[in-house]
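Student: Here it is: the structure, laid out below.
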Amino acid sequence: MNHQEQTDVLVIGGGTAGFGAAVAAGRQGLNVILLEATSKVGGVMAFCPGMPWGAAYPADKIVGGLMGELTERLEKMHPPAAEKRPCTLANFGPEIVYDHDIATLTMFEMLEHAGVNVRLNASAIEPTMESNQIKSVSCFDRNGAFTVTAAIVIDCSGDGDLSAKAGVPYTVGDIKGNTMGVTCSFHMVGVNWDDTFAEPDPYFTNFAAKGINEKRLHPDLAKLYLMKGFHHGSVFCNSVHVRGVDGTNPVAIGQATQEGRRRCHQLAQFLRSDVPGFEKAYMTLLSPTVGVRETRKLEAVYKITGEDLAKGTKFSDGIVCCDNPIDDVMRSDASMTHEAIVDQGGYYTIPFRSLIPANITNLMFAGRIVCADPKAFASVRGMPQCMTMGQATGTAAAIALKNNTSVQSINTKALIIELTKQGVNGLGETSLI
Ligand SMILES: Cc1cc2nc3c(=O)[nH]c(=O)nc-3n(C[C@H](O)[C@H](O)[C@H](O)COP(=O)(O)OP(=O)(O)OC[C@H]3O[C@@H](n4cnc5c(N)ncnc54)[C@H](O)[C@@H]3O)c2cc1C
């Protein structure tokens, strides 16, 4: 029988955004159910294990909040499980590299300590609307269907299926509807770093060209972005992109995953035979499924634009700072951009209004479904920003419920004060510089 559950907050999706939303709401004393469709928290972080947390240090200061707390916990472990390192690519600031398993374990512990009811392998399927509110959400796990009635729903699913079904307008990809490529990643372990990173080109372009000419690598592998993994002797390979994949279509995702994993294996073999330092290395941590950068971007009260970013806009309801470049990866053609959008040392903030739909009074969203134009999207989507967007919505849920207001009427001044108390840096009257 379809059983019913009730909660203050239902968070859909346990990626970095959902983690932030659920922990923040739980710490405010709310009852929180977090539904995650897969068997792990992390989202893209779990699909591309070891992906560094980029853009965590706008103006070389940590964004703070839950991202800061998680990093500090990992850094203080014996031995440390995270570290700040410069990014090897131009225009990107420092990033945080970490032990993937310890990081996801710690995130799960933070969810538990916040009292969050974490439900893995459970999916939200369909909203039931009552006027301009989500009355309940039908969900599914291995025991069948169940229904959750929540005062507030926070969609952190990356794809926004439920919000779209609830009637929130959205766009997909750029103005032509092209989305960025999806990616399978893996690690090589047992690498001699000294030999490998004697190569000054972070893309290993000459090696890639040889592999492509000899038809041993796929032509889209023109840039082998190889970076040192967290553990000595490990290398993170994040360059196997599959283009033209609809990330909302599970069949397309399955096919892209198989194709991506095949190309990863080819690349691993090529590295062993052709790139210095990899002679005794082997592949591990192959993506369980492709990491999807971009699908729907929901329409919100405010759409953040490329011009906002270029001006270094600090919104009065800004909830997280960011200085990430325009990180645009393989749309319809094979091009990639990593153009800086703010001057060095500059930054902008992401407004809370870009997480709030115009009409539905008990729905918020966070993470890569943020309302942004294609240019802004390519910058705002880093994991530290997604996590803090989540933190803002979880905190905002408590303000809305306490004051019995719609999410559109949340007192953003009170929200910024609360987020600042929670250690999020550079908001409101404060500045990172
Ligand atoms: C290949 C790749 C490389 C990247 N590189 C970097 C990088 O180096 N540094 C960086 O900071 N950022 C990077 N990013 C960007 C960043 O990883 C993502 O933007 C961010 O992780 C998105 O987080 P999210 O929580 O919004 O969504 P996701 O991580 O997509 O999480 C959404 C979660 O919701 C779950 N879900 C979906 N639908 C449902 C449902 N109906 N019910 C229940 N659960 C559901 C999914 O299983 C998933 O776990 C990269 C992204 C990709 C794909």
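The way I read the labels, and the way they are meant: chains A, B, ... in the order of the structure tokens, residue 1 as the first residue of every chain, and ligand 1 as the first ligand shown, with later ones counted on from there.
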What are the nearest atom pairs, with distances in Å to one decimal, for all residues of chain A that come at most 7 Å from ligand 1, using only C-alpha atoms and all ligand atoms, set out by chain and rising residue number as CSV?

Tutor:
residue,atom,partner,partner_atom_place_in_ligand_line,distance
A:Ile12,CA,ligand 1,43 (C),5.0
A:Gly13,CA,ligand 1,34 (O),3.2
A:Gly14,CA,ligand 1,49 (O),4.8
A:Gly15,CA,ligand 1,25 (O),3.5
A:Thr16,CA,ligand 1,25 (O),4.1
A:Ala17,CA,ligand 1,25 (O),3.8
A:Gly18,CA,ligand 1,25 (O),5.6
A:Leu35,CA,ligand 1,43 (C),4.8
A:Glu36,CA,ligand 1,44 (N),3.8
A:Ala37,CA,ligand 1,44 (N),3.9
A:Thr38,CA,ligand 1,47 (O),5.1
A:Val41,CA,ligand 1,49 (O),6.2
A:Gly42,CA,ligand 1,49 (O),5.9
A:Gly43,CA,ligand 1,49 (O),3.2
A:Val44,CA,ligand 1,29 (O),3.8
A:Met45,CA,ligand 1,21 (O),5.6
A:Cys48,CA,ligand 1,1 (C),6.5
A:Met51,CA,ligand 1,8 (O),5.2
A:Pro52,CA,ligand 1,8 (O),4.8
A:Trp53,CA,ligand 1,11 (O),3.9
A:Gly54,CA,ligand 1,11 (O),3.7
A:Ala55,CA,ligand 1,11 (O),6.1
A:Ala122,CA,ligand 1,43 (C),5.9
A:Ser123,CA,ligand 1,42 (N),3.4
A:Ala124,CA,ligand 1,42 (N),4.1
A:Ile125,CA,ligand 1,41 (N),5.6
A:Cys156,CA,ligand 1,25 (O),5.6
A:Ser157,CA,ligand 1,34 (O),3.5
A:Gly158,CA,ligand 1,27 (O),3.9
A:Asp159,CA,ligand 1,37 (C),6.3
A:Asp161,CA,ligand 1,41 (N),6.4
A:Leu162,CA,ligand 1,41 (N),6.6
A:Val182,CA,ligand 1,1 (C),6.0
A:Thr183,CA,ligand 1,1 (C),4.5
A:Cys184,CA,ligand 1,1 (C),6.8
A:Asn238,CA,ligand 1,1 (C),6.8
A:Gly291,CA,ligand 1,53 (C),3.8
A:Val292,CA,ligand 1,53 (C),4.1
A:Arg293,CA,ligand 1,53 (C),3.8
A:Ala366,CA,ligand 1,26 (O),6.2
A:Gly367,CA,ligand 1,26 (O),3.2
A:Arg368,CA,ligand 1,26 (O),4.0
A:Ile369,CA,ligand 1,26 (O),6.3
A:Arg381,CA,ligand 1,19 (O),4.2
A:Gly382,CA,ligand 1,11 (O),3.5
A:Met383,CA,ligand 1,11 (O),3.8
A:Pro384,CA,ligand 1,11 (O),5.9
A:Cys386,CA,ligand 1,26 (O),5.5
A:Met387,CA,ligand 1,25 (O),7.0

Student: From the DSSP assignment of the backbone, select every residue of range 88-235 of chain A that is strand (DSSP E), and format the answer as an MDAnalysis selection string.

Tutor: chainID A and resid 95:98 117:120 123:130 133:141 144:155 170:172 182:189 226:228 234:235

Student: The selected residues should be written to file as a short mmCIF file (atom, residue, chain, number, x, y, z; two decimals), in the first residue's frame (atoms: N, CA and C atoms).

Tutor:
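Generated file (again39.cif):
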data_model
loop_
_atom_site.label_atom_id
_atom_site.label_comp_id
_atom_site.auth_asym_id
_atom_site.auth_seq_id
_atom_site.Cartn_x
_atom_site.Cartn_y
_atom_site.Cartn_z
N GLU A 95 41.89 25.30 -5.63
CA GLU A 95 40.78 24.36 -5.45
C GLU A 95 41.09 23.42 -4.29
N ILE A 96 40.07 22.68 -3.87
CA ILE A 96 40.27 21.76 -2.75
C ILE A 96 40.28 20.34 -3.31
N VAL A 97 41.36 19.63 -3.05
CA VAL A 97 41.39 18.21 -3.42
C VAL A 97 41.24 17.42 -2.13
N TYR A 98 40.65 16.24 -2.24
CA TYR A 98 40.26 15.53 -1.03
C TYR A 98 40.22 14.04 -1.30
N ASN A 117 16.73 12.68 7.75
CA ASN A 117 16.28 11.34 7.37
C ASN A 117 16.72 11.10 5.92
N VAL A 118 17.90 10.47 5.78
CA VAL A 118 18.47 10.29 4.43
C VAL A 118 17.93 9.00 3.83
N ARG A 119 17.36 9.11 2.66
CA ARG A 119 16.78 7.94 2.00
C ARG A 119 17.49 7.73 0.67
N LEU A 120 18.41 6.77 0.67
CA LEU A 120 19.12 6.45 -0.57
C LEU A 120 18.25 5.55 -1.44
N SER A 123 13.45 7.90 -5.16
CA SER A 123 13.29 9.00 -6.12
C SER A 123 11.96 9.71 -5.94
N ALA A 124 11.99 11.01 -6.12
CA ALA A 124 10.76 11.80 -6.19
C ALA A 124 10.26 11.70 -7.62
N ILE A 125 8.97 11.48 -7.80
CA ILE A 125 8.45 11.24 -9.14
C ILE A 125 7.51 12.35 -9.62
N GLU A 126 6.53 12.70 -8.79
CA GLU A 126 5.45 13.55 -9.32
C GLU A 126 4.89 14.45 -8.21
N PRO A 127 4.72 15.73 -8.49
CA PRO A 127 4.08 16.57 -7.47
C PRO A 127 2.56 16.55 -7.63
N THR A 128 1.86 16.72 -6.52
CA THR A 128 0.42 17.00 -6.59
C THR A 128 0.25 18.45 -6.18
N MET A 129 -0.37 19.21 -7.05
CA MET A 129 -0.48 20.65 -6.80
C MET A 129 -1.82 20.99 -6.17
N GLU A 130 -1.81 21.97 -5.32
CA GLU A 130 -3.07 22.53 -4.82
C GLU A 130 -2.90 24.03 -4.97
N GLN A 133 0.67 25.72 -4.73
CA GLN A 133 1.53 25.03 -3.74
C GLN A 133 1.74 23.58 -4.15
N ILE A 134 2.89 23.02 -3.78
CA ILE A 134 3.04 21.56 -3.91
C ILE A 134 2.43 20.95 -2.67
N LYS A 135 1.34 20.22 -2.87
CA LYS A 135 0.64 19.64 -1.71
C LYS A 135 1.39 18.40 -1.22
N SER A 136 1.82 17.56 -2.16
CA SER A 136 2.56 16.36 -1.79
C SER A 136 3.39 15.91 -2.98
N VAL A 137 4.31 14.99 -2.69
CA VAL A 137 5.17 14.48 -3.76
C VAL A 137 5.10 12.96 -3.74
N SER A 138 4.78 12.37 -4.87
CA SER A 138 4.80 10.91 -4.92
C SER A 138 6.22 10.46 -5.21
N CYS A 139 6.62 9.42 -4.48
CA CYS A 139 8.02 8.97 -4.52
C CYS A 139 8.03 7.46 -4.70
N PHE A 140 9.25 6.95 -4.86
CA PHE A 140 9.37 5.53 -5.19
C PHE A 140 10.67 4.99 -4.62
N ASP A 141 10.59 3.83 -3.96
CA ASP A 141 11.82 3.09 -3.64
C ASP A 141 11.57 1.60 -3.91
N GLY A 144 8.19 0.17 -3.46
CA GLY A 144 7.07 0.71 -4.22
C GLY A 144 6.86 2.19 -3.98
N ALA A 145 5.64 2.63 -4.20
CA ALA A 145 5.34 4.07 -4.13
C ALA A 145 5.07 4.51 -2.69
N PHE A 146 5.42 5.72 -2.38
CA PHE A 146 5.01 6.36 -1.13
C PHE A 146 4.85 7.85 -1.39
N THR A 147 4.16 8.52 -0.49
CA THR A 147 3.86 9.94 -0.71
C THR A 147 4.42 10.76 0.44
N VAL A 148 5.07 11.85 0.12
CA VAL A 148 5.58 12.74 1.17
C VAL A 148 4.83 14.08 1.09
N THR A 149 4.28 14.47 2.22
CA THR A 149 3.67 15.79 2.32
C THR A 149 4.67 16.67 3.07
N ALA A 150 5.09 17.75 2.43
CA ALA A 150 6.11 18.61 3.03
C ALA A 150 5.65 20.05 3.01
N ALA A 151 5.98 20.76 4.08
CA ALA A 151 5.64 22.19 4.10
C ALA A 151 6.44 22.92 3.02
N ILE A 152 7.70 22.50 2.87
CA ILE A 152 8.57 23.12 1.85
C ILE A 152 9.31 22.04 1.09
N VAL A 153 9.37 22.21 -0.22
CA VAL A 153 10.12 21.28 -1.07
C VAL A 153 11.33 22.04 -1.63
N ILE A 154 12.51 21.41 -1.54
CA ILE A 154 13.71 22.03 -2.13
C ILE A 154 14.22 21.07 -3.20
N ASP A 155 14.18 21.50 -4.44
CA ASP A 155 14.60 20.67 -5.56
C ASP A 155 16.09 20.86 -5.79
N TYR A 170 11.32 26.58 -17.72
CA TYR A 170 12.77 26.33 -17.72
C TYR A 170 13.33 26.47 -19.12
N THR A 171 14.64 26.61 -19.17
CA THR A 171 15.34 26.54 -20.45
C THR A 171 16.33 25.38 -20.35
N VAL A 172 16.77 24.93 -21.50
CA VAL A 172 17.77 23.85 -21.52
C VAL A 172 18.96 24.33 -22.33
N VAL A 182 28.83 15.56 -21.36
CA VAL A 182 28.87 14.80 -20.09
C VAL A 182 30.23 14.11 -20.03
N THR A 183 30.63 13.71 -18.84
CA THR A 183 32.01 13.23 -18.68
C THR A 183 32.10 11.98 -17.81
N CYS A 184 32.93 11.05 -18.25
CA CYS A 184 33.34 9.91 -17.42
C CYS A 184 34.76 10.18 -16.94
N SER A 185 35.02 9.97 -15.68
CA SER A 185 36.37 10.20 -15.17
C SER A 185 36.92 8.91 -14.56
N PHE A 186 38.20 8.92 -14.29
CA PHE A 186 38.83 7.79 -13.59
C PHE A 186 40.13 8.27 -12.97
N HIS A 187 40.71 7.41 -12.15
CA HIS A 187 42.03 7.69 -11.59
C HIS A 187 43.02 6.66 -12.12
N MET A 188 44.25 7.07 -12.28
CA MET A 188 45.34 6.10 -12.45
C MET A 188 46.11 6.14 -11.14
N VAL A 189 46.41 4.98 -10.58
CA VAL A 189 47.24 4.95 -9.37
C VAL A 189 48.54 4.22 -9.67
N LEU A 226 45.14 16.06 -17.28
CA LEU A 226 45.60 15.14 -16.24
C LEU A 226 46.01 15.98 -15.03
N MET A 227 45.48 15.65 -13.89
CA MET A 227 45.88 16.41 -12.70
C MET A 227 46.25 15.47 -11.56
N LYS A 228 47.13 15.96 -10.71
CA LYS A 228 47.52 15.15 -9.55
C LYS A 228 46.28 14.88 -8.70
N SER A 234 48.66 9.29 -7.52
CA SER A 234 47.39 9.10 -8.24
C SER A 234 47.18 10.28 -9.19
N VAL A 235 46.56 9.99 -10.31
CA VAL A 235 46.29 11.03 -11.31
C VAL A 235 44.81 10.97 -11.67
#

Student: Which is closest to Pro200 in chain A among A:Asn121, A:Thr430, A:Thr88, A:Thr284, if we use only C-alpha atoms?

Tutor: A:Thr88

Student: Find, counting only C-alpha atoms, the residue in A:Gly211, A:Gly29, A:Gly167, A:Gly346 that gets nearest to Lys311 in chain A.

Tutor: A:Gly346

Student: For Ser379 in chain A, which residue out of A:Glu429, A:Asp328, A:Glu294, A:Asp343 is the nearest one, using only C-alpha atoms?

Tutor: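 Using only C-alpha atoms, Ser379 in chain A sits closest to A:Asp328.
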
Student: Would you mind reading off the distance between CA of Ala310 in chain A and CA of Ala340 in chain A, one decimal, in Å?

Tutor: 9.1 Å

Student: Calculate how many Å separate CA of Lys303 in chain A from CA of Asp373 in chain A, rounding to one decimal.

Tutor: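 One can read the CA of Lys303 in chain A to CA of Asp373 in chain A distance as 6.7 Å.
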
Student: Which of these, A:Lys223, A:Arg142, A:Lys76, A:His3, has the shortest distance to Met336 in chain A once you count only C-alpha atoms?

Tutor: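 Smallest distance to Met336 in chain A is found for A:Lys223.
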
Student: Which residues, written as a ChimeraX atom specification, have at least one atom at most 10 Å from Glu72 in chain A, with only C-alpha atoms counted and residues fewer than 5 positions away on the same chain left out?

Tutor: /A:64,66-67,77,80-83

Student: Name the residues in contact with Thr106 in chain A at a cut-off of 8 Å, using only C-alpha atoms, excluding same-chain residues fewer than 4 positions from it; report them as number ranges by chain.

Tutor: A: 70, 102, 110

Student: Quick one: everything within 10 Å of Phe278 in chain A, counting only C-alpha atoms, minus sequence neighbours fewer than 2 positions away in the same chain. Send it as number ranges by chain.

Tutor: A: 188-193, 195-196, 233-235, 268-276, 280-282

Student: Show me a table, sorted first by chain and then by increasing residue number, of the residues of range 295-329 of chain A having an atom at most 12 Å from range 410-427 of chain A, each with its shortest atom pair and the distance in Å to one decimal, counting only C-alpha atoms and written as a tab-separated table.

Tutor:
residue	atom	partner	partner_atom	distance
A:Thr313	CA	A:Leu427	CA	11.8
A:Lys314	CA	A:Leu427	CA	8.2
A:Phe315	CA	A:Leu427	CA	8.7
A:Ser316	CA	A:Lys413	CA	8.0
A:Asp317	CA	A:Thr412	CA	5.9
A:Gly318	CA	A:Leu427	CA	6.2
A:Ile319	CA	A:Leu427	CA	6.4
A:Val320	CA	A:Leu427	CA	6.9
A:Cys321	CA	A:Gly426	CA	6.6
A:Cys322	CA	A:Gly426	CA	10.0

Student: Would you mind listing what lies within 10 Å of Lys210 in chain A as a ChimeraX atom specification, with only C-alpha atoms counted and same-chain residues fewer than 6 positions away left out?

Tutor: /A:216-217,222,274

Student: Those residues you just picked out, can you put them in a file as an mmCIF file, in the first residue's frame with C-alpha atoms?

Tutor:
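Saved as selection33.cif:
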data_model
loop_
_atom_site.group_PDB
_atom_site.id
_atom_site.type_symbol
_atom_site.label_atom_id
_atom_site.label_comp_id
_atom_site.auth_asym_id
_atom_site.auth_seq_id
_atom_site.Cartn_x
_atom_site.Cartn_y
_atom_site.Cartn_z
ATOM 1 C CA ARG A 216 43.860 4.756 -30.357
ATOM 2 C CA LEU A 217 42.010 7.664 -28.775
ATOM 3 C CA ALA A 222 42.376 16.400 -28.076
ATOM 4 C CA ASP A 274 52.790 6.237 -24.176
#

Student: Give me the residues near Leu309 in chain A as a list in words, where near means some atom within 7 Å (using only C-alpha atoms) and where sequence neighbours in that chain fewer than 2 positions away do not count.

Tutor: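 Listing them by chain and then by number gives Thr305, Gly306, Glu307, Lys311, Gly312, Thr313, Ile341, Val342, Tyr348 and Ala376 of chain A.
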
Student: Could you please take those selected residues and save C-alpha atoms as a JSON list (two decimals), in the first residue's frame?

Tutor:
[["chain", "number", "residue", "atom", "x", "y", "z"],
["A", 305, "THR", "CA", 23.42, 36.99, -16.33],
["A", 306, "GLY", "CA", 26.89, 37.11, -17.81],
["A", 307, "GLU", "CA", 26.76, 40.91, -17.49],
["A", 311, "LYS", "CA", 30.41, 43.79, -13.46],
["A", 312, "GLY", "CA", 31.32, 41.89, -10.29],
["A", 313, "THR", "CA", 27.78, 42.51, -8.99],
["A", 341, "ILE", "CA", 34.82, 36.69, -16.20],
["A", 342, "VAL", "CA", 35.99, 38.91, -13.34],
["A", 348, "TYR", "CA", 30.41, 38.46, -7.73],
["A", 376, "ALA", "CA", 26.54, 32.92, -16.11]]
